[in-house]
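A.B. asks: Mind looking over this structure? Questions follow.
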Amino acid sequence: MNTSIVNALPIQAVKAPMLTALETYPAIILSAPPGAGKSTQLPLWLLKAELFKHQKIIMLQPRRIAAKSVANRLAQQLGEKVGETVGYRMRNDTKVSSNTRLEVVTEGILTRLIQNDNELSDIGLIIFDEFHERSIHADLAFALALDIQQGLREDLQLLLMSATLDNEYLAKFLPDAKVLGCEGRSFPIEVSYQAPNIERNWRQHAISVIRHHTGNEVGSILVFLPGTADIRFIYNALIEQLPSDVDLFALYGDLDMKLQQRAINPAVSGRRKLVLATNIAETSLTIDGISMVIDSGYEKVARFNHDSLINELTMQKISKASAIQRAGRAGRVQAGKCVRLYANDDFQRRTEHAASEISQADLLPLTIDVANWGVSKFEQLSFLELPINSREQQNWQSLQALDIVDSNNRLTKHGQLVANFPCHPRFAHMMIKSLDVAADNVHAKHCLSLACILAAMLEERDIFNRDRANDNCDIQARLYQLANSNKSKATGIEYRIIKQAQNLAKKLNSISSNKFSLSLNDNDWPMAYCGLLLAFAYPERISIARKSIGSYLCANGKGAVLSNNDKLNGEPYLVCAKLHSYQQKLQITLASTIEEKHIYQYFNSHIREVDVLSYDDKNQKINSEKQTRLFKLILKQEPAKAAVNSETLTTLWCDFIRQKGLSILKFNSHTENFITRVRWLNSYCSELNLPDFSEQGLLDKLEVWLAPYVFDVKKLAALQKLDLSEILNNSLDFEQQKLVKQWAPKSYTSPVGREFTYQYSEQPQPKLALPMQQVYGLSSSPYVANGQVAVLLELLSPAKRPIQVTQDLARFWQGSYKDVQKDMKANYPKHFWPDDPANAKATTKLKKHLTNK
């Protein structure tokens with residue numbers, strides 16, 4: 001890099017205070033905008049610092065392409081090749097040597113370095129670059145590094161760098177940190193908005209805008225698109241329609257590194273570049289010559305689906321922070337322009353920052369890393385953000401089910417082996433279990449190779465394109481394609497799968513008593529064991545065919561469906577390797593058959609025989625059968641020979657009522673009245689602490705209030721004849737029964753001795769409907785709730801029709817009663833309608849009887 005350019009970088013302003021702070025402070029927080037030189041200049045000062053003369057520096061870069069690019073730039077400035085003083089480490093690609101003092105690493109690599117050497121004995125400084133991205137691995141690495149610094153290595157130093165850091169929040173975790181900042185070297189950016197007329201047609205709109213600007217701009221253009229499918233679509237639409245001096249490039253994570261580098265490199269002299277990129281180009285990377293950014297305003301984010309147990313890409317609108325970062329790519333070396341393909345008011349409504357990865361990612365790998373560090377709760381480490389407690393507990397339970405941690409969340413011996421594999425714990429568990437299969441069956445000797453291949457394949461996206469995958473979810477078809485691609489020299493995704501399988505095989509070999517060589521020959525792979533191996537990884541997704549074609553029930557109780565024409569339709573047992581949520585259903589997208597004998601042989605410890613009672617709706621009788629179950633999956637059922645006992649009968653009725661709802665009990669009016677009174681008290685007199693009589697509350701407590709009365713009931717008709725109002729009343733203790741009677745009385749007795757039922761509801765005031773003539777002489781409404789709530793009176797005509805609703809009788813008598821009196825005298829002349837009802841005597845008699853009397 002040109003020396004004058006280096007000296008002009010804004011980061012130079014913090015060089016002296018940075019080097020001084022390193023002598024005093026355990027941590028430094030550096031906020032520096034894009035283009036300041038924090039990634040490509042600052043590390044070189046640190047290499048020369050006396051403090052780290054005999055120690056290594058580790059620099060975390062969240063993205064592979066950024067890690068490689070930064071390492072190359074740093075090495076070039078030293079006049080060296082990558083792998084000498086500056087090197088990099090990433091999955092399946094490492095360039096370091098014994099002379100390497102600065103290693104640029106990707107996220108999982110840093111975590112593994114820390115787990116393998118808890119003291120980080122030869123490392124003096126860890127740099128967290130682009131820390132604002134808050135990836136799940138960066139959060140974990142930071143928490144572990146802080147734990148090391150506070151408990152094992154006081155001399156270990158931490159440097160957090162980003163364009164946008166919440167310094168005040170970070171200071172809570174790093175109270176002794178030095179906060180530094182510098183200005184950026186950004187040039188003015190002209191931002192404009194060009195929203196599509198119809199939002200769903202944004203792709204066609206983007207093509208139109210790109211065509212226009214490639215024909216009118218003189219510089220290179222960077223276009224931000226949500227995902228690879230969008231890039232391919234727009235790439236194909238533009239490839240034949242660009243000016244002759246424009247070269248078109250794609251840039252995304254799965255792209256071959258050489259092609260990624262071509263997109264980053266400066267344009268050939270006299271030519272311009274058009275780069276279609278995902279958010280991989282938002283930070284760290286500098287694409288030379290970019291003078292315009294076109295921003296779709298969308299991104300695809302991986303969210304973990306707890307039903308399908310996989311990360312699913314979801315398209316969403318980017319945050320304001322991301323939009324600003326994207327625009328900034330146009331002003332790195334000169335004044336630039338940014339065209340946002342959405343409206344300004346849309347931008348103003350967007351969230352300030354994107355949600356953190358820890359709030360939406362698969363936490364199982366993180367949970368095993370936490371366990372591997374020797375703690376049993378996330379809160380025992382200084383995570384910047386803790387996951388929701390229920391989600392954390394689900395992940396501990398999943399690890400317990402796989403025998404990776406014990407009931408105290410400590411790693412088992414099996415878990416210690418799993419934790420050392422560089423892959424998802426489910427797949428590590430699968431590979432280790434494959435050792436048992438190979439030991440059991442001499443014909444399955446290549447099962448170890450198959451397990452490594454499957455693990456590597458499951459960590460990548462589907463090697464079938466969408467058209468091929470639509471009606472063929474069989475994983476064996478993918479295995480055959482992978483084997484064929486290897487014979488013709490695999491590239492791209494197939495190459496990555498094979499490379500990772502080779503790494504996993506080395507690891508599996510290190511714990512195997514019978515050494516093996518990874519076979520990439522599909523003739524060697526015992527395909528009949530595919531389903532079994534997948535079942536080790538996903539035991540809850542062993543599934544059985546249901547009556548309707550393509551419908552399956554998984555062992556976790558969730559339903560899943562195959563497309564109508566899929567080749568696996570009709571198979572009695574499947575293991576679903578991948579599922580996709582579609583139209584409120586779980587669609588099976590990757591699966592394999594599993595033999596029934598393998599289920600019984602390898603999951604026998606989870607198989608239970610239970611006697612089950614079920615109610616036959618059609619014949620209205622109880623059926624008793626013996627079921628063989630794997631978790632929630634019924635493998636076999638046959639009539640039970642044992643007699644029905646009261647306990648199982650009670651359980652049946654409780655389960656039956658929960659399934660059908662309380663309406664199946666057909667409450668009579670007395671029961672409805674009692675329930676409504678208790679519900680009203682719970683709503684408006686909660687201080688009484690009465691039991692929950694909501695529908696869900698009653699269903700949850702069936703074993704408490706109903707079970708003692710159904711132990712010998714064998715027919716629905718008998719169940720419905722039970723005195724449920726009495727049963728519910730008995731579920732309250734004596735004091736509670738008194739409270740219900742006193743605070744929510746069932747009825748009111750009028751001055752003439754007639755009884756009328758209070759009508760309780762969701763409204764604050766109960767209602768009482770009675771003839772107006774029976775409240776003559778009263779000046780106020782009755783009260784309930786221990787005299788705290790006035791009842792709403794619905795006064796009726798002699799024909800029982802409503803004529804007035806009031807809570808204030810005295811006011812009614814003095815006011816609108818006069819109008820009512822006129823109507824009543826006209827319509828019911830034989831009845832008594834006094835001029836002074838407040839002082840009249842209540843009656844049920846006609847006028848003539850009153851006169852005679």
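Numbering starts fresh at 1 for the residues of each chain in the structure tokens, the chains themselves are lettered A, B, ... in the order given, and ligands are numbered from 1 as they appear.
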Can I get the residues of segment 135-205 of chain A within 12 Å of segment 16-40 of chain A, each with the closest pair of atoms and their distance in Å to one decimal, using only C-alpha atoms, sorted chain first then ascending number, as a tab-separated table?
C.D. replies:
```
residue	atom	partner	partner_atom	distance
A:Phe142	CA	A:Ala27	CA	11.4
A:Ala145	CA	A:Ala27	CA	11.0
A:Leu146	CA	A:Ala27	CA	9.6
A:Ile148	CA	A:Pro26	CA	11.9
A:Gln149	CA	A:Pro26	CA	8.3
A:Gln150	CA	A:Pro26	CA	9.8
A:Arg153	CA	A:Pro26	CA	10.3
A:Glu154	CA	A:Pro26	CA	7.6
A:Asp155	CA	A:Pro26	CA	7.2
A:Leu156	CA	A:Pro26	CA	7.1
A:Gln157	CA	A:Pro26	CA	5.1
A:Leu158	CA	A:Ala27	CA	4.6
A:Leu159	CA	A:Ile28	CA	4.8
A:Leu160	CA	A:Ile29	CA	4.9
A:Met161	CA	A:Leu30	CA	4.8
A:Ser162	CA	A:Ser31	CA	5.4
A:Ala163	CA	A:Pro33	CA	4.2
A:Thr164	CA	A:Ser31	CA	6.4
A:Leu165	CA	A:Ser31	CA	6.2
A:Asp166	CA	A:Ser31	CA	9.1
A:Asn167	CA	A:Ile29	CA	7.3
A:Glu168	CA	A:Ile29	CA	10.4
A:Tyr169	CA	A:Ile29	CA	11.3
A:Leu170	CA	A:Ile29	CA	8.3
A:Ala171	CA	A:Ile29	CA	8.7
A:Phe173	CA	A:Ala27	CA	10.4
A:Leu174	CA	A:Ala27	CA	7.1
A:Pro175	CA	A:Ala27	CA	9.1
A:Asp176	CA	A:Tyr25	CA	6.8
A:Ala177	CA	A:Ala27	CA	4.6
A:Lys178	CA	A:Ile28	CA	4.7
A:Val179	CA	A:Ile29	CA	4.7
A:Leu180	CA	A:Leu30	CA	4.8
A:Gly181	CA	A:Ser31	CA	4.7
A:Cys182	CA	A:Ala32	CA	5.3
A:Glu183	CA	A:Ala32	CA	6.5
A:Gly184	CA	A:Ala36	CA	4.9
A:Arg185	CA	A:Gly35	CA	5.6
A:Ser186	CA	A:Gly35	CA	6.5
A:Phe187	CA	A:Gly35	CA	9.8
```
A.B. asks: Quick one: write out the picked residues with N, CA and C atoms as a tab-separated table (two decimals), in the first residue's frame?
C.D. replies:
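Wrote it out as out-v1.tsv, contents follow:
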```tsv
chain	number	residue	atom	x	y	z
A	142	PHE	N	-15.98	-13.74	23.26
A	142	PHE	CA	-15.78	-12.60	24.16
A	142	PHE	C	-16.02	-13.03	25.61
A	145	ALA	N	-13.09	-15.24	26.68
A	145	ALA	CA	-11.86	-14.46	26.82
A	145	ALA	C	-11.89	-13.61	28.08
A	146	LEU	N	-13.05	-13.05	28.38
A	146	LEU	CA	-13.19	-12.24	29.59
A	146	LEU	C	-13.02	-13.12	30.83
A	148	ILE	N	-11.20	-15.84	30.99
A	148	ILE	CA	-9.76	-16.14	31.08
A	148	ILE	C	-9.02	-14.95	31.70
A	149	GLN	N	-9.34	-13.77	31.21
A	149	GLN	CA	-8.65	-12.56	31.69
A	149	GLN	C	-8.89	-12.35	33.18
A	150	GLN	N	-10.11	-12.60	33.63
A	150	GLN	CA	-10.44	-12.33	35.02
A	150	GLN	C	-10.00	-13.44	35.97
A	153	ARG	N	-5.57	-15.20	33.31
A	153	ARG	CA	-4.53	-14.42	32.63
A	153	ARG	C	-4.80	-12.93	32.76
A	154	GLU	N	-4.31	-12.32	33.81
A	154	GLU	CA	-4.51	-10.89	33.97
A	154	GLU	C	-3.83	-10.09	32.86
A	155	ASP	N	-2.79	-10.68	32.27
A	155	ASP	CA	-2.03	-9.96	31.23
A	155	ASP	C	-2.64	-10.08	29.84
A	156	LEU	N	-3.66	-10.95	29.68
A	156	LEU	CA	-4.31	-11.07	28.37
A	156	LEU	C	-5.10	-9.79	28.10
A	157	GLN	N	-4.92	-9.24	26.90
A	157	GLN	CA	-5.60	-7.99	26.58
A	157	GLN	C	-6.63	-8.20	25.47
A	158	LEU	N	-7.69	-7.39	25.55
A	158	LEU	CA	-8.79	-7.49	24.60
A	158	LEU	C	-8.98	-6.14	23.91
A	159	LEU	N	-9.23	-6.20	22.62
A	159	LEU	CA	-9.49	-4.99	21.84
A	159	LEU	C	-10.76	-5.21	21.02
A	160	LEU	N	-11.77	-4.41	21.28
A	160	LEU	CA	-13.05	-4.50	20.56
A	160	LEU	C	-13.11	-3.34	19.57
A	161	MET	N	-13.31	-3.66	18.28
A	161	MET	CA	-13.32	-2.63	17.24
A	161	MET	C	-14.60	-2.74	16.42
A	162	SER	N	-15.13	-1.58	16.07
A	162	SER	CA	-16.29	-1.56	15.20
A	162	SER	C	-16.57	-0.13	14.75
A	163	ALA	N	-17.42	-0.04	13.73
A	163	ALA	CA	-17.86	1.29	13.29
A	163	ALA	C	-18.94	1.82	14.21
A	164	THR	N	-19.76	0.94	14.78
A	164	THR	CA	-20.87	1.37	15.63
A	164	THR	C	-20.91	0.50	16.88
A	165	LEU	N	-20.30	0.95	17.96
A	165	LEU	CA	-20.31	0.20	19.21
A	165	LEU	C	-21.11	0.97	20.26
A	166	ASP	N	-21.88	0.22	21.06
A	166	ASP	CA	-22.59	0.82	22.18
A	166	ASP	C	-21.62	0.83	23.36
A	167	ASN	N	-20.81	1.87	23.42
A	167	ASN	CA	-19.74	1.93	24.42
A	167	ASN	C	-20.27	1.89	25.84
A	168	GLU	N	-21.38	2.55	26.09
A	168	GLU	CA	-21.94	2.59	27.44
A	168	GLU	C	-22.35	1.20	27.90
A	169	TYR	N	-22.94	0.43	26.99
A	169	TYR	CA	-23.37	-0.93	27.33
A	169	TYR	C	-22.15	-1.84	27.56
A	170	LEU	N	-21.15	-1.73	26.69
A	170	LEU	CA	-19.95	-2.55	26.83
A	170	LEU	C	-19.19	-2.24	28.11
A	171	ALA	N	-19.26	-0.99	28.53
A	171	ALA	CA	-18.53	-0.59	29.74
A	171	ALA	C	-19.01	-1.34	30.98
A	173	PHE	N	-19.53	-4.48	31.09
A	173	PHE	CA	-18.77	-5.73	31.10
A	173	PHE	C	-17.27	-5.47	31.18
A	174	LEU	N	-16.85	-4.30	30.73
A	174	LEU	CA	-15.43	-3.94	30.74
A	174	LEU	C	-15.27	-2.60	31.47
A	175	PRO	N	-15.52	-2.60	32.77
A	175	PRO	CA	-15.49	-1.31	33.50
A	175	PRO	C	-14.12	-0.65	33.51
A	176	ASP	N	-13.06	-1.44	33.32
A	176	ASP	CA	-11.71	-0.87	33.34
A	176	ASP	C	-11.15	-0.62	31.94
A	177	ALA	N	-12.03	-0.67	30.94
A	177	ALA	CA	-11.56	-0.51	29.56
A	177	ALA	C	-11.31	0.96	29.23
A	178	LYS	N	-10.39	1.19	28.30
A	178	LYS	CA	-10.15	2.52	27.76
A	178	LYS	C	-10.97	2.66	26.48
A	179	VAL	N	-11.74	3.73	26.37
A	179	VAL	CA	-12.57	3.95	25.19
A	179	VAL	C	-11.88	4.96	24.28
A	180	LEU	N	-11.67	4.57	23.04
A	180	LEU	CA	-11.03	5.44	22.05
A	180	LEU	C	-11.92	5.55	20.83
A	181	GLY	N	-11.74	6.62	20.08
A	181	GLY	CA	-12.51	6.80	18.85
A	181	GLY	C	-11.76	7.68	17.88
A	182	CYS	N	-12.08	7.54	16.61
A	182	CYS	CA	-11.45	8.40	15.62
A	182	CYS	C	-12.46	8.73	14.53
A	183	GLU	N	-12.19	9.77	13.79
A	183	GLU	CA	-13.05	10.17	12.68
A	183	GLU	C	-12.82	9.23	11.50
A	184	GLY	N	-13.79	9.18	10.63
A	184	GLY	CA	-13.64	8.35	9.44
A	184	GLY	C	-13.06	9.12	8.28
A	185	ARG	N	-12.73	8.37	7.24
A	185	ARG	CA	-12.25	9.02	6.03
A	185	ARG	C	-13.28	8.80	4.94
A	186	SER	N	-14.50	9.17	5.27
A	186	SER	CA	-15.56	8.97	4.30
A	186	SER	C	-15.79	10.25	3.52
A	187	PHE	N	-16.22	10.09	2.30
A	187	PHE	CA	-16.51	11.23	1.43
A	187	PHE	C	-18.03	11.44	1.38
```
A.B. asks: Write out as a PyMOL selection string the residues lying within 10 Å of Asn689 of chain A, counting only C-alpha atoms and excluding same-chain residues fewer than 5 positions away.
C.D. replies: chain A and resi 681-682+736
A.B. asks: Would you pick out the contacts of segment 196-212 of chain A at 8 Å or less, using only C-alpha atoms, so that residues sharing its chain but fewer than 5 positions from it are not included, and give the list as a PyMOL selection string?
C.D. replies: chain A and resi 230+234+237-238+241-242+294+296+341-342
A.B. asks: Please, could you write that set of residues out with C-alpha atoms as a PDB file, in the first residue's frame?
C.D. replies:
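In the end it all went to result38.pdb:
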```pdb
ATOM      1  CA  ASP A 230     -31.826 -13.036  -6.092  1.00  0.00           C
ATOM      2  CA  ILE A 234     -30.658 -10.519 -11.587  1.00  0.00           C
ATOM      3  CA  ALA A 237     -31.271 -10.839 -16.469  1.00  0.00           C
ATOM      4  CA  LEU A 238     -28.369  -8.377 -16.851  1.00  0.00           C
ATOM      5  CA  GLN A 241     -27.764  -6.130 -21.379  1.00  0.00           C
ATOM      6  CA  LEU A 242     -24.835  -4.184 -19.892  1.00  0.00           C
ATOM      7  CA  ILE A 294     -27.778   0.403  -5.069  1.00  0.00           C
ATOM      8  CA  SER A 296     -32.463  -3.335  -2.236  1.00  0.00           C
ATOM      9  CA  LEU A 341     -34.876   0.919  -3.653  1.00  0.00           C
ATOM     10  CA  TYR A 342     -37.428   1.874  -1.030  1.00  0.00           C
TER      11      TYR A 342
END
```
A.B. asks: Excluding Ser244 of chain A and residues on its chain fewer than 2 positions from it, collect all residues at most 12 Å away from it, counting only C-alpha atoms, and give them as a compact mmCIF listing (two decimals) with N, CA and C atoms, in the first residue's frame.
C.D. replies:
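Writing the result to result_16.txt gives the following:
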```
# COMPACT_ATOMS: atom_id res chain seq x y z
N THR A 214 -26.01 1.87 -14.78
CA THR A 214 -24.80 1.39 -15.47
C THR A 214 -24.62 2.12 -16.79
N GLY A 215 -25.70 2.61 -17.35
CA GLY A 215 -25.59 3.36 -18.60
C GLY A 215 -25.25 4.82 -18.41
N ILE A 239 -26.81 -10.03 -17.73
CA ILE A 239 -25.55 -10.44 -18.34
C ILE A 239 -25.42 -10.03 -19.81
N GLU A 240 -26.52 -10.02 -20.54
CA GLU A 240 -26.47 -9.67 -21.96
C GLU A 240 -26.91 -8.22 -22.23
N GLN A 241 -27.16 -7.46 -21.16
CA GLN A 241 -27.76 -6.13 -21.38
C GLN A 241 -26.96 -5.00 -20.74
N LEU A 242 -25.66 -5.21 -20.52
CA LEU A 242 -24.84 -4.18 -19.89
C LEU A 242 -23.97 -3.48 -20.93
N VAL A 246 -18.53 -2.74 -18.99
CA VAL A 246 -18.90 -3.15 -17.62
C VAL A 246 -18.73 -4.66 -17.46
N ASP A 247 -18.00 -5.06 -16.42
CA ASP A 247 -17.83 -6.47 -16.08
C ASP A 247 -18.74 -6.80 -14.89
N LEU A 248 -19.48 -7.89 -15.00
CA LEU A 248 -20.46 -8.28 -13.98
C LEU A 248 -19.90 -9.36 -13.07
N GLY A 270 -9.60 0.93 -17.64
CA GLY A 270 -10.50 1.30 -18.73
C GLY A 270 -11.85 0.61 -18.66
N ARG A 271 -12.08 -0.19 -17.59
CA ARG A 271 -13.35 -0.90 -17.48
C ARG A 271 -13.99 -0.59 -16.12
N ARG A 272 -15.28 -0.88 -16.02
CA ARG A 272 -16.01 -0.68 -14.78
C ARG A 272 -16.53 -2.02 -14.28
N LYS A 273 -16.90 -2.05 -12.99
CA LYS A 273 -17.43 -3.27 -12.39
C LYS A 273 -18.86 -3.05 -11.91
N LEU A 274 -19.65 -4.09 -12.03
CA LEU A 274 -20.97 -4.15 -11.41
C LEU A 274 -20.96 -5.39 -10.53
```
A.B. asks: By how many Å are atom CA of Ser510 of chain A and atom CA of Ile497 of chain A apart?
C.D. replies: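 Result for atom CA of Ser510 of chain A versus atom CA of Ile497 of chain A: 20.1 Å, one decimal.
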A.B. asks: Could you name the residues that touch segment 564-574 of chain A at 8 Å or less, counting only C-alpha atoms, but leaving out those on the same chain fewer than 5 positions away, as a ChimeraX atom specification?
C.D. replies: /A:470-474,531,542-545,549-550,591-596
A.B. asks: So that I can see what lies close to segment 759-771 of chain A, please list as a list in words the residues with an atom at most 7 Å from it, counting only C-alpha atoms and leaving out residues fewer than 5 positions away in the same chain.
C.D. replies: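 Result of the neighbour search: Thr676, Arg677, Trp680, Tyr684, Val789, Ala790, Val791, Leu792, Leu793, Glu794, Leu795, Leu796, Ser797, Pro798 and Lys800 of chain A.
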A.B. asks: Which residues come within 8 Å of segment 606-617 of chain A, counting only C-alpha atoms, excluding same-chain residues fewer than 5 positions away, as a PyMOL selection string?
C.D. replies: chain A and resi 600+622-631+640+648-649+652+656
A.B. asks: Can you spit out the residues from that selection as an mmCIF file, in the first residue's frame, using N, CA and C atoms?
C.D. replies:
```
data_model
loop_
_atom_site.group_PDB
_atom_site.id
_atom_site.type_symbol
_atom_site.label_atom_id
_atom_site.label_comp_id
_atom_site.auth_asym_id
_atom_site.auth_seq_id
_atom_site.Cartn_x
_atom_site.Cartn_y
_atom_site.Cartn_z
ATOM 1 N N TYR A 600 -35.584 -50.926 16.774
ATOM 2 C CA TYR A 600 -35.651 -51.749 17.978
ATOM 3 C C TYR A 600 -34.261 -52.069 18.522
ATOM 4 N N ILE A 622 -65.217 -47.817 25.954
ATOM 5 C CA ILE A 622 -63.793 -47.679 26.242
ATOM 6 C C ILE A 622 -63.032 -48.854 25.644
ATOM 7 N N ASN A 623 -61.958 -48.523 24.917
ATOM 8 C CA ASN A 623 -61.069 -49.553 24.389
ATOM 9 C C ASN A 623 -59.783 -49.577 25.199
ATOM 10 N N SER A 624 -59.259 -50.743 25.440
ATOM 11 C CA SER A 624 -58.005 -50.892 26.170
ATOM 12 C C SER A 624 -57.017 -51.626 25.260
ATOM 13 N N GLU A 625 -55.834 -51.039 25.081
ATOM 14 C CA GLU A 625 -54.835 -51.677 24.224
ATOM 15 C C GLU A 625 -53.441 -51.480 24.775
ATOM 16 N N LYS A 626 -52.528 -52.353 24.352
ATOM 17 C CA LYS A 626 -51.115 -52.241 24.724
ATOM 18 C C LYS A 626 -50.386 -51.601 23.554
ATOM 19 N N GLN A 627 -49.665 -50.518 23.828
ATOM 20 C CA GLN A 627 -48.925 -49.800 22.786
ATOM 21 C C GLN A 627 -47.423 -49.906 23.035
ATOM 22 N N THR A 628 -46.673 -50.117 21.945
ATOM 23 C CA THR A 628 -45.213 -50.062 21.991
ATOM 24 C C THR A 628 -44.807 -48.718 21.420
ATOM 25 N N ARG A 629 -44.191 -47.869 22.247
ATOM 26 C CA ARG A 629 -43.923 -46.490 21.865
ATOM 27 C C ARG A 629 -42.440 -46.158 21.836
ATOM 28 N N LEU A 630 -42.065 -45.360 20.840
ATOM 29 C CA LEU A 630 -40.761 -44.698 20.811
ATOM 30 C C LEU A 630 -41.053 -43.215 20.978
ATOM 31 N N PHE A 631 -40.765 -42.676 22.141
ATOM 32 C CA PHE A 631 -41.168 -41.307 22.478
ATOM 33 C C PHE A 631 -42.687 -41.189 22.263
ATOM 34 N N ALA A 640 -55.208 -55.026 24.899
ATOM 35 C CA ALA A 640 -54.598 -55.313 26.202
ATOM 36 C C ALA A 640 -55.390 -56.407 26.902
ATOM 37 N N THR A 648 -56.060 -45.912 35.505
ATOM 38 C CA THR A 648 -55.993 -45.698 34.056
ATOM 39 C C THR A 648 -57.310 -45.155 33.522
ATOM 40 N N LEU A 649 -58.412 -45.572 34.139
ATOM 41 C CA LEU A 649 -59.723 -45.076 33.726
ATOM 42 C C LEU A 649 -59.828 -43.566 33.999
ATOM 43 N N LEU A 652 -57.773 -41.727 31.467
ATOM 44 C CA LEU A 652 -58.468 -41.687 30.179
ATOM 45 C C LEU A 652 -59.451 -40.521 30.121
ATOM 46 N N PHE A 656 -59.317 -37.426 27.709
ATOM 47 C CA PHE A 656 -60.442 -37.300 26.775
ATOM 48 C C PHE A 656 -61.059 -35.894 26.855
#
```
A.B. asks: Using only C-alpha atoms for the distances, tell me which of A:Ala327, A:Val191, A:Ile404, A:Leu809 is nearest to Ala343 of chain A.
C.D. replies: A:Val191
A.B. asks: Looking only at helix (DSSP H, G or I) from DSSP on the backbone, list the matching residues of segment 695-819 of chain A as a count of residues only.
C.D. replies: 48
A.B. asks: Name the residues of segment 685-772 of chain A that fall into strand (DSSP E) according to DSSP on the backbone, using the chain letters and numbers of this document, as a ChimeraX atom specification.
C.D. replies: /A:747-749,755-757,767-771
A.B. asks: I need the chosen residues saved as a compact mmCIF listing (two decimals), in the first residue's frame, with C-alpha atoms.
C.D. replies:
```
# COMPACT_ATOMS: atom_id res chain seq x y z
CA SER A 747 -79.69 -14.99 43.64
CA TYR A 748 -81.56 -11.99 45.02
CA THR A 749 -84.81 -12.08 46.99
CA GLU A 755 -86.07 -15.05 44.02
CA PHE A 756 -84.17 -13.83 40.93
CA THR A 757 -80.80 -15.06 39.64
CA LYS A 767 -77.05 -7.80 36.13
CA LEU A 768 -80.35 -8.54 37.82
CA ALA A 769 -83.54 -8.73 35.71
CA LEU A 770 -86.84 -8.46 37.60
CA PRO A 771 -90.28 -6.75 37.28
```
A.B. asks: Would you mind telling me which residue in A:Thr412, A:Gln194, A:Ser694, A:Gln804 lies nearest to Met772 of chain A when using only C-alpha atoms?
C.D. replies: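 Of A:Thr412, A:Gln194, A:Ser694, A:Gln804, the one nearest Met772 of chain A, counting only C-alpha atoms, is A:Gln804.
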